[in-house]
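Student: Input structure: model04.tsv, which contains TSV, C-alpha atoms.
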chain	number	residue	atom	x	y	z
A	1	ILE	CA	-67.53	157.58	-129.69
A	2	MET	CA	-68.58	154.19	-128.30
A	3	ALA	CA	-65.08	153.50	-126.98
A	4	SER	CA	-64.91	156.82	-125.14
A	5	GLN	CA	-68.37	156.33	-123.59
A	6	VAL	CA	-67.55	152.88	-122.23
A	7	SER	CA	-64.07	153.90	-121.06
A	8	LYS	CA	-65.65	156.43	-118.68
A	9	THR	CA	-66.95	153.53	-116.57
A	10	GLY	CA	-63.40	152.39	-115.67
A	11	VAL	CA	-63.37	149.84	-118.44
A	12	GLY	CA	-60.73	150.26	-121.14
A	13	VAL	CA	-61.91	150.05	-124.75
A	14	THR	CA	-59.89	150.34	-127.93
A	15	ILE	CA	-61.08	149.97	-131.52
A	16	ALA	CA	-58.42	149.73	-134.23
A	17	ASP	CA	-60.70	150.21	-137.23
A	18	ALA	CA	-64.34	151.00	-137.93
A	19	SER	CA	-66.13	150.99	-141.27
A	20	LEU	CA	-69.53	151.85	-142.71
A	21	ASP	CA	-70.95	150.02	-145.74
A	22	PHE	CA	-73.78	152.02	-147.30
A	23	THR	CA	-74.38	149.40	-150.02
A	24	PHE	CA	-75.83	146.97	-147.47
A	25	GLY	CA	-79.51	146.25	-148.22
A	26	GLN	CA	-81.92	148.50	-146.33
A	27	GLY	CA	-79.43	149.89	-143.88
A	28	VAL	CA	-75.80	150.54	-143.12
A	29	LEU	CA	-73.42	147.73	-142.15
A	30	VAL	CA	-71.16	148.86	-139.31
A	31	GLY	CA	-67.94	146.92	-138.97
A	32	LEU	CA	-65.43	147.02	-136.14
A	33	ARG	CA	-62.01	145.41	-136.39
A	34	ASP	CA	-59.62	144.53	-133.59
A	35	ALA	CA	-61.68	145.92	-130.73
A	36	GLU	CA	-60.56	145.20	-127.15
A	37	VAL	CA	-62.35	145.61	-123.84
A	38	LYS	CA	-60.38	145.42	-120.58
A	39	VAL	CA	-62.28	145.05	-117.32
A	40	PRO	CA	-60.33	145.38	-114.05
A	41	GLY	CA	-61.10	143.33	-110.94
A	42	ASP	CA	-59.91	140.41	-108.80
A	43	VAL	CA	-60.12	138.32	-111.94
A	44	THR	CA	-59.28	140.68	-114.78
A	45	ALA	CA	-61.17	140.17	-118.00
A	46	GLU	CA	-60.07	141.09	-121.48
A	47	VAL	CA	-62.34	140.56	-124.46
A	48	ILE	CA	-60.84	140.70	-127.94
A	49	PHE	CA	-63.08	141.10	-130.97
A	50	PRO	CA	-61.20	140.60	-134.25
A	51	ARG	CA	-64.39	141.35	-136.22
A	52	ILE	CA	-67.86	142.59	-135.30
A	53	GLU	CA	-70.55	143.49	-137.80
A	54	ALA	CA	-73.96	145.00	-137.15
A	55	PRO	CA	-76.55	146.09	-139.72
A	56	VAL	CA	-77.91	149.46	-138.58
A	57	ASP	CA	-81.51	150.44	-139.33
A	58	LEU	CA	-81.29	153.33	-141.80
A	59	SER	CA	-84.68	154.84	-140.91
A	60	ALA	CA	-83.75	154.95	-137.21
A	61	LEU	CA	-80.35	156.40	-138.12
A	62	MET	CA	-82.06	159.27	-139.96
A	63	THR	CA	-83.83	160.18	-136.71
A	64	GLY	CA	-80.54	160.20	-134.81
A	65	SER	CA	-80.98	156.77	-133.21
A	66	ILE	CA	-78.54	153.89	-133.71
A	67	GLU	CA	-80.52	150.64	-133.72
A	68	PHE	CA	-79.55	147.18	-134.89
A	69	SER	CA	-81.29	143.88	-134.36
A	70	LYS	CA	-78.35	141.57	-135.07
A	71	LEU	CA	-74.70	141.45	-134.06
A	72	GLU	CA	-72.24	139.08	-135.74
A	73	VAL	CA	-69.04	138.37	-133.82
A	74	ASP	CA	-66.20	136.37	-135.38
A	75	ARG	CA	-63.41	134.79	-133.31
A	76	PRO	CA	-64.07	136.59	-130.01
A	77	ARG	CA	-61.62	135.75	-127.26
A	78	ILE	CA	-62.24	136.21	-123.54
A	79	ILE	CA	-59.13	136.14	-121.38
A	80	LEU	CA	-59.62	135.77	-117.63
A	81	THR	CA	-56.38	136.36	-115.76
A	82	LEU	CA	-56.23	134.51	-112.45
A	83	PRO	CA	-53.79	135.43	-109.70
A	84	GLU	CA	-50.49	133.51	-110.19
A	85	GLN	CA	-50.61	131.86	-106.77
A	86	GLN	CA	-54.04	130.45	-107.51
A	87	ARG	CA	-53.63	126.96	-108.96
A	88	ALA	CA	-57.30	126.03	-109.17
A	89	LEU	CA	-60.01	127.94	-110.91
A	90	PRO	CA	-61.35	130.66	-108.61
A	91	ALA	CA	-64.71	130.40	-106.93
A	92	MET	CA	-67.58	130.78	-109.33
A	93	GLY	CA	-68.40	134.08	-107.63
A	94	SER	CA	-65.18	135.71	-108.88
A	95	LEU	CA	-65.60	134.32	-112.38
A	96	MET	CA	-69.24	135.33	-112.51
A	97	GLU	CA	-68.33	138.83	-111.30
A	98	ALA	CA	-65.91	139.23	-114.23
A	99	ILE	CA	-68.47	137.84	-116.68
A	100	ASP	CA	-71.24	139.99	-115.18
A	101	ARG	CA	-69.13	143.15	-115.60
A	102	VAL	CA	-68.60	142.41	-119.30
A	103	GLY	CA	-72.23	141.33	-119.74
A	104	ALA	CA	-73.58	144.46	-118.06
A	105	LEU	CA	-71.65	146.66	-120.47
A	106	ILE	CA	-72.98	144.76	-123.45
A	107	GLU	CA	-76.55	144.56	-122.19
A	108	ASN	CA	-76.70	148.23	-121.19
A	109	ASP	CA	-75.54	149.53	-124.54
A	110	PHE	CA	-77.19	146.99	-126.82
A	111	THR	CA	-80.58	146.97	-125.09
A	112	THR	CA	-80.98	150.59	-126.10
A	113	ARG	CA	-80.08	149.63	-129.69
A	114	GLN	CA	-82.91	147.05	-130.06
A	115	LEU	CA	-80.52	144.08	-130.27
A	116	GLU	CA	-82.38	140.79	-130.77
A	117	VAL	CA	-79.76	138.25	-131.93
A	118	VAL	CA	-76.04	137.79	-131.32
A	119	GLU	CA	-74.19	135.26	-133.47
A	120	ILE	CA	-70.80	134.10	-132.21
A	121	ARG	CA	-68.49	132.10	-134.46
A	122	ASN	CA	-65.32	130.31	-133.35
A	123	GLY	CA	-65.10	131.93	-129.90
A	124	GLU	CA	-62.50	131.17	-127.25
A	125	VAL	CA	-62.18	131.53	-123.46
A	126	ASP	CA	-58.73	131.44	-121.88
A	127	PHE	CA	-57.95	131.17	-118.18
A	128	LEU	CA	-54.44	132.51	-117.55
A	129	GLY	CA	-52.50	131.81	-114.37
A	130	ALA	CA	-50.50	129.02	-112.74
A	131	LEU	CA	-52.43	126.31	-114.65
A	132	PRO	CA	-53.66	127.83	-117.91
A	133	ARG	CA	-56.79	126.42	-119.50
A	134	SER	CA	-58.58	127.14	-122.74
A	135	VAL	CA	-61.97	126.44	-124.30
A	136	LYS	CA	-62.06	126.87	-128.09
A	137	GLY	CA	-64.42	126.51	-131.01
A	138	ILE	CA	-67.42	128.17	-129.35
A	139	ASP	CA	-70.32	128.79	-131.75
A	140	ALA	CA	-73.52	130.25	-130.40
A	141	THR	CA	-76.67	132.12	-131.31
A	142	ILE	CA	-78.04	134.11	-128.41
Would you write the structure of this file as structure tokens?
Tutor:
Amino acid sequence: IMASQVSKTGVGVTIADASLDFTFGQGVLVGLRDAEVKVPGDVTAEVIFPRIEAPVDLSALMTGSIEFSKLEVDRPRIILTLPEQQRALPAMGSLMEAIDRVGALIENDFTTRQLEVVEIRNGEVDFLGALPRSVKGIDATI
């Protein structure tokens, strides 16, 4: 359902596997495996999520609302594809536009879900193009 809702905005979303763990404490643990988000633009952005887990509030779920306060993301990878003829990193405006498009999707959906904390473990950002670059080992709590 989530993939089809986001895909309507021109952004491509695929989710290989989803699971629900009803033995998780006071709620339901939702797990997504091998999810991908592709955002078109001058600098195309692809975000790969090998594993995402979010504990969903069971009482809210019973009222038809999906709410979770925490999102755990393992090994996310952001791939920004630069035009081949561009040897230097593009102007910050183009990079920020790509990041803003991904961020807007996340913020829009997760704000309505009462998200308070995002934990990222072992993230990576790759810049593809004439001179590829990579930043690895990103751990963050947002």
Student: Could you tell me how far CA of Val117 in chain A sits from CA of Thr63 in chain A, in Å to one decimal place?
Tutor: 22.8 Å
Student: Taking all atoms listed in the file into account, which of A:Glu84, A:Arg133, A:Ile52, A:Ile138 comes nearest Lys70 in chain A?
Tutor: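 For Lys70 in chain A, the nearest of the candidates is A:Ile52.
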Student: How far is it from CA of Leu58 in chain A to CA of Asp139 in chain A, in Å with one decimal?
Tutor: 28.7 Å
Student: Please indicate the distance in Å from CA of Arg121 in chain A to CA of Asp74 in chain A, rounded to one decimal place.
Tutor: 4.9 Å
Student: Let me make sure I understand: among A:Pro76, A:Gly10, A:Gly27, A:Pro55, which one has the smallest atom-to-atom distance to Pro40 in chain A if we use all atoms listed in the file?
Tutor: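 Of all the options, A:Gly10 lies closest to Pro40 in chain A.
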Student: Compare A:Lys38, A:Ser19, A:Ala140, A:Val28 by their minimum atom-to-atom distance to Glu119 in chain A, counting all atoms listed in the file, and give me the closest one.
Tutor: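 When distances to Glu119 in chain A are compared using all atoms listed in the file, the smallest one comes from A:Ala140.
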Student: May I have the residues within 12 Å of Phe49 in chain A as a list in words, using only C-alpha atoms and disregarding those fewer than 6 positions away in the same chain?
Tutor: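 My reading of the contact set: Val13, Thr14, Ile15, Ala16, Asp17, Gly31, Leu32, Arg33, Asp34, Ala35, Glu36, Val37, Lys38, Glu72, Val73, Asp74, Arg75, Pro76, Arg77, Ile78, Ile79, Ile120, Arg121, Asn122, Gly123 and Glu124 of chain A.
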Student: Any chance you could export the current selection's C-alpha atoms as a PDB file, in the coordinates of the input?
Tutor:
ATOM      1  CA  VAL A  13     -61.910 150.050-124.750  1.00  0.00           C
ATOM      2  CA  THR A  14     -59.890 150.340-127.930  1.00  0.00           C
ATOM      3  CA  ILE A  15     -61.080 149.970-131.520  1.00  0.00           C
ATOM      4  CA  ALA A  16     -58.420 149.730-134.230  1.00  0.00           C
ATOM      5  CA  ASP A  17     -60.700 150.210-137.230  1.00  0.00           C
ATOM      6  CA  GLY A  31     -67.940 146.920-138.970  1.00  0.00           C
ATOM      7  CA  LEU A  32     -65.430 147.020-136.140  1.00  0.00           C
ATOM      8  CA  ARG A  33     -62.010 145.410-136.390  1.00  0.00           C
ATOM      9  CA  ASP A  34     -59.620 144.530-133.590  1.00  0.00           C
ATOM     10  CA  ALA A  35     -61.680 145.920-130.730  1.00  0.00           C
ATOM     11  CA  GLU A  36     -60.560 145.200-127.150  1.00  0.00           C
ATOM     12  CA  VAL A  37     -62.350 145.610-123.840  1.00  0.00           C
ATOM     13  CA  LYS A  38     -60.380 145.420-120.580  1.00  0.00           C
ATOM     14  CA  GLU A  72     -72.240 139.080-135.740  1.00  0.00           C
ATOM     15  CA  VAL A  73     -69.040 138.370-133.820  1.00  0.00           C
ATOM     16  CA  ASP A  74     -66.200 136.370-135.380  1.00  0.00           C
ATOM     17  CA  ARG A  75     -63.410 134.790-133.310  1.00  0.00           C
ATOM     18  CA  PRO A  76     -64.070 136.590-130.010  1.00  0.00           C
ATOM     19  CA  ARG A  77     -61.620 135.750-127.260  1.00  0.00           C
ATOM     20  CA  ILE A  78     -62.240 136.210-123.540  1.00  0.00           C
ATOM     21  CA  ILE A  79     -59.130 136.140-121.380  1.00  0.00           C
ATOM     22  CA  ILE A 120     -70.800 134.100-132.210  1.00  0.00           C
ATOM     23  CA  ARG A 121     -68.490 132.100-134.460  1.00  0.00           C
ATOM     24  CA  ASN A 122     -65.320 130.310-133.350  1.00  0.00           C
ATOM     25  CA  GLY A 123     -65.100 131.930-129.900  1.00  0.00           C
ATOM     26  CA  GLU A 124     -62.500 131.170-127.250  1.00  0.00           C
TER      27      GLU A 124
END
